[in-house]
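One structure is given here, and the rest of the page talks about it.
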Amino acid sequence: MNTILTQSAADLSAALAAGETTSVELTGACLERIAEVDGAVHAFLHVDAEGALAEAAASDARRAAGSPAHALDGVPIAVKDVLATEGLPTTCGSAILRGWLPPYDATVVARLKAAGLPILGKTNMDEFAMGSSTEHSAYGPTHNPWDLDRIPGGSGGGSAAAVAAFEAPLALGTDTGGSIRQPGAVTGTVGVKPTYGGVSRYGLVAMASSLDQVGPVTRTVLDAALLHELIGGHDPRDSTSVDQPLPGLVAAARRGASGALAGVRIGVVKELGGKGYQDGVLVRFTEALDLLVAAGAEVVEVSCPHFVHALAAYYLIMPSEASSNLAKFDAMRYGLRVLPEHVEDPSAEDVMRASRDAGFGDEVKRRIILGTYALSSGYYDAYYGQAQKVRTLIARDFEQAFGVADVLVSPTAPTTAFKLGEKLDDPIEMYLNDLATIPANLAGVPGISVPSGLADEDGLPAGFQVLAPALADDRCYRVGAALEAALREKWGGPLLDQAPSLTAASRNTTGASA
Amino acid sequence: MPEITRDEVAHLATLARIDLDEVELAHLAPQLSVILESVASLSAVAGDDVPPTSHALPLTNVFREDVVTPGLSAEQALSGAPASEQQRFSVPRILGDEQ
């Protein structure tokens, strides 16, 4: 593999600035890598080689003229297919949007373009971001680069796998209940869900508007901070966008990487661990915690008693919002239009019903029906209303916990990557993957997942989650970078160094790696 | 909380404008029952004194100056339409003959 591919975006940015490489070379190397391994990984739904190389050439011209648009100018990136990209297919992993070419860019995409990052293509995902394995994509699953028979997490498995497989140094994801952090955990990569409102949702095809958030998918904590600072900040086109400057995220990551955590209080959430968590995941979690203590942090145990109800509240709130948001796929203005069979002169409603049946997959149908039920008169108070109250209790738990701790920590996902197909038709089992990530979405607080090592029983990556109070995303970066630095020293390099090398023939690899 | 029946799922599918055939109804109804069962525990968690939260962070109305800003052209807006005619979305009939 071309050694340029394994470098961090921060290092590539420095190499570009020093004239040691060019964006065309770098982008070309990523495209070659995609051509070589993506048949086996299937991280991408669409690759825009021509567009990316044109952007790369323009970037090189800016660098040559001494006027780069941004520190990351010329560093290529992959974009989750739920973000609108003008003129590039945006399907959300759904058949109902097959081939849709948006007439506009999402704000985060516009910011990438303005900063000169060539967009390599669009990454695979569970349909409309509904899932934890990327198996609910209408275009087939993505495979985990650590073991191609296993899931890469979801819904943003494509972005995480692209970064883990060295197909792209950077990617964008979205996180509604863990869709950035859980794929990060199971692929040995870094993922950040920013504070709700910290990054614009304009042009993000909404699943659950009060929970969705765009964020960085990277291989290092510093790279995530660089990307977060680029895409974040106020956007007048998103009415929920926070109208104040971001805290210094890159500075926090650099400070954390220096290792000193004296005075930082770390709260271990009692309810996010123990039963239901894989032994190897817990062992790596405890070891990581010990490293943070060695770096000077103080550990306290905190209780968030209502977190045990977070999953239930989430599976009422999210489908309710999703069923409303997905009503726009009505076969009238964009997307699939299917005429019903055996109906002469069908009405708009007939066409709508046939199109939504043909265009939506199982999980989307499940959630729309569930949401329709939860919002029905007679059930509204018992379901949606009650879930909203529990949301208040969860937010209060956070408030109390952040009274005694600066950050809260837990394993990111309860298990390592499971086998493709294992939980596909068992919704409850699938939903349990997001046990530890969902509370942050319900309360709007930021969270990061950093690799914590490989579980002993299966040799697969596990993740360490750091949560911070709303608007204090910098704390996630400081603690995340400190942990990353300590673990790298222990491992003698990044965790991904231990991943099996992918070749064009790796399609036939079977079984767990250890 | 009530279990969800096949007929209820069929009714909900109608409300949600999704044609579900018998096979899908038979597949989805038991799954939805299990999901509803697993969320039923919520009913006892929060008392009447707990206010609901609809958004994580407090929201206020957002206004901007009433000035014209560029939007999509008709051509752009229609670019993804399944059918269009005379710069408009072309859709199947809304009403029946008798209406």
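By convention here, the chains of the structure tokens are called A, B, ... in the order presented, each chain's residues are numbered starting at 1, and ligands are numbered starting at 1 in the order presented.
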Quiz item: Which residues of chain A are close to chain B, meaning at most 7 Å apart when you count only C-alpha atoms, and how do they look as a PyMOL selection string?
Solution: chain A and resi 100-101+103+210+239-240+309+312+332-335+337+347-348+352-354+356-357+366+369-370+372-373+382+385-392+428+442-444
Quiz item: Mind checking DSSP for chain B and telling me the strand (DSSP E or B) residues as number ranges by chain?
Solution: B: 84-85, 88-89, 93
Quiz item: Out of chain B, which residues get alpha helix (DSSP H) from DSSP, as a PyMOL selection string?
Solution: chain B and resi 6-15+22-39+74-78
Exercise. Please indicate the distance in Å from CA of Ala115 (chain A) to CA of Ser449 (chain A), rounded to one decimal place.
Key: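 That distance, rounded to one decimal, is 25.7 Å.
Compared by their closest atoms to Leu282 (chain A), and using only C-alpha atoms, the residues A:Pro411, A:Gly140, A:Gly116, A:Gly447 rank with A:Pro411 nearest.
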Quiz item: So how far away is CA of Gln465 (chain A) from CA of Lys122 (chain A), in Å?
Solution: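 Going from CA of Lys122 (chain A) over to CA of Gln465 (chain A), I get 26.3 Å.
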Interface rows for region 322-381 of chain A against region 88-95 of chain A: nearest pair, Å to one decimal, 10 Å, only C-alpha atoms, as a Markdown table:
```
| residue | atom | partner | partner_atom | distance |
| --- | --- | --- | --- | --- |
| A:Gly335 | CA | A:Ala95 | CA | 8.6 |
| A:Leu336 | CA | A:Ala95 | CA | 7.6 |
| A:Arg356 | CA | A:Ala95 | CA | 9.8 |
| A:Ala358 | CA | A:Ala95 | CA | 8.0 |
| A:Gly359 | CA | A:Ala95 | CA | 5.0 |
| A:Phe360 | CA | A:Ser94 | CA | 6.7 |
| A:Gly361 | CA | A:Ser94 | CA | 7.5 |
| A:Val364 | CA | A:Ser94 | CA | 9.4 |
```
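Nearest to Lys419 (chain A) of all the residues A:Ile151, A:Ala165, A:Ala252, A:Val214 is A:Ile151, counting only C-alpha atoms.
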